[in-house]
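The structure appears right after this line, and notes come after that.
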Amino acid sequence: MKLTATTKSMFSLAIIMISFLLAGSSLAAETKTLSITREAQNALEQGRSYHDRGDYRRAIQEYDRFMKLVPGRADAYYRRGIAYYNVGEFNRAIQDYDKAIEINPKFVEAYHNRGAAYDNMGNLNRAIQDYDKAIKLRPFFAEAYNNRGTAYVKLGNLDKGLKDFYAAIAWNPNFADAYYNRGTLHNKLGSVSQAIKDLDTAIELNPEYAGAYYNRGVIYGKLGNKNKEMEDYGKANKLNQESKDRKSLHVSGKEVDRTKELEEIKRRLDGLASENERLRKELAAATEVRRQTQETGNNKSIEGLTAVNWFDKGYASAASGNYKDAINAYDRSIELDPTLADAYNNRGIAYVKLGDLNRGLQDYDRTIALNRQYAMAYYNKGLVLEKLGNPSQALDNHKIAARLGFRTAQDSLKEKGISW
């Protein structure tokens, strides 16, 4: 089942990591020589470091090295499975979870995370089987109840989904995701007051929960409270952007003394400067519109929203994974201001996320027609052309994006040894 705009995307899947993973103290007993033990421990430490910093590709390489030296460790397969999951290679993650379970048939977290991987691949029935196994092995496993509930909702079994969210909260009363999911489902089922209560609780537990603000804004909009609706949309938008910035700039404090990584940080900061300035101006404009609305007490109808209001709403929808709702908002924004290049670019992204590559390509072309210096639009266009089987034109567009200073394009071309 695909959820509607009023229920939003449910649903974040929790990936469980356990504290005893790859404990170095047992390495000597599992290796044949001291030199191999030292090499294995070095691979382990490097893998952990890369993993903690979010560099999962390098972590996988180090886990590979460790597993050649110390084979047969269930926790090693499990850890590498998490890394594969985090880079979107769900099949390979499942293979590693399979191996971990083969070695340790009572590896609860491996069943749970394998279920999450199946869930992401759309194999919901298989996901539920793994969540069932995890719950059987650990009856108080709140995350497994929550994730199984999301799978049931996607299959259209709302009653079972609701029961699982209640169970998740019963076992963990501080589980913000479970309150969010339960509130979202209550809204779909028509229990609006209970939905708001649950979303309020999710926000109390996690004040940076952008999705909860967004969904609460949706409900306030249905109730006709436009001021609270736009306030929640604005908060969701701001939090999503702040989260994006933090992820882009995140570097582990343990490694900042390395010259090479410091240079990498500086390069990324320089590359993000112009884009962040543009986004700052967008957010400032949206905030000013909301401030003026509050000062004048203008309780305007939805038809009275400005192009910036609609863009703000579309941005928040897309950030929460609701691309259809985002497209509708960008449509309205473009109707009010046909020269708003950002709206065309972002609508193109939403179309591509939904698999409509041709309409995405059309929007990127419109963006470029309005602003020939819009580097991201060239890069996005190149990605679509590549998917459509036109690598030559894709490369041309990526080169233009790189020449305009778009760092993602530059990095991609550098890795391929291509100049621009």
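Chain identifiers are assigned as A, B, and so on, following the order in which chains appear in the structure tokens; residues are numbered from 1 within each chain, and ligands are numbered from 1 in order of appearance.
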Inset, instruction - Please identify all polymer residues within 10 Å of segment 113-130 of chain A, counting only C-alpha atoms, omitting same-chain residues fewer than 3 positions from it, and present them as an NGL selection string. - result: :A and (12-17 or 78 or 81-82 or 84-86 or 88-98 or 101 or 108-110 or 133-136 or 144-145 or 147-152 or 154-155)
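Taking only C-alpha atoms, the non-local environment of segment 365-381 of chain A within 8 Å (same-chain residues fewer than 3 positions away omitted) comprises Thr339, Ala341, Asp342, Tyr344, Asn345, Ile349, Leu361, Gln362, Val384, Leu385, Ala394, Asn397, His398, Ile400, Ala401, Ala402, Leu404, Gly405, Phe406 and Ala409 of chain A.
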Legend entry - Nearest to Tyr63 of chain A, chosen from A:His112, A:Arg216, A:Lys399, A:Arg80, with only C-alpha atoms counted in the distances: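 Closest residue, counting only C-alpha atoms: A:Arg80.
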Legend entry - Separation of atom CA of Gly348 of chain A from atom CA of Ala318 of chain A, in Å and rounded to one decimal: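 One can read the atom CA of Gly348 of chain A to atom CA of Ala318 of chain A distance as 11.3 Å.
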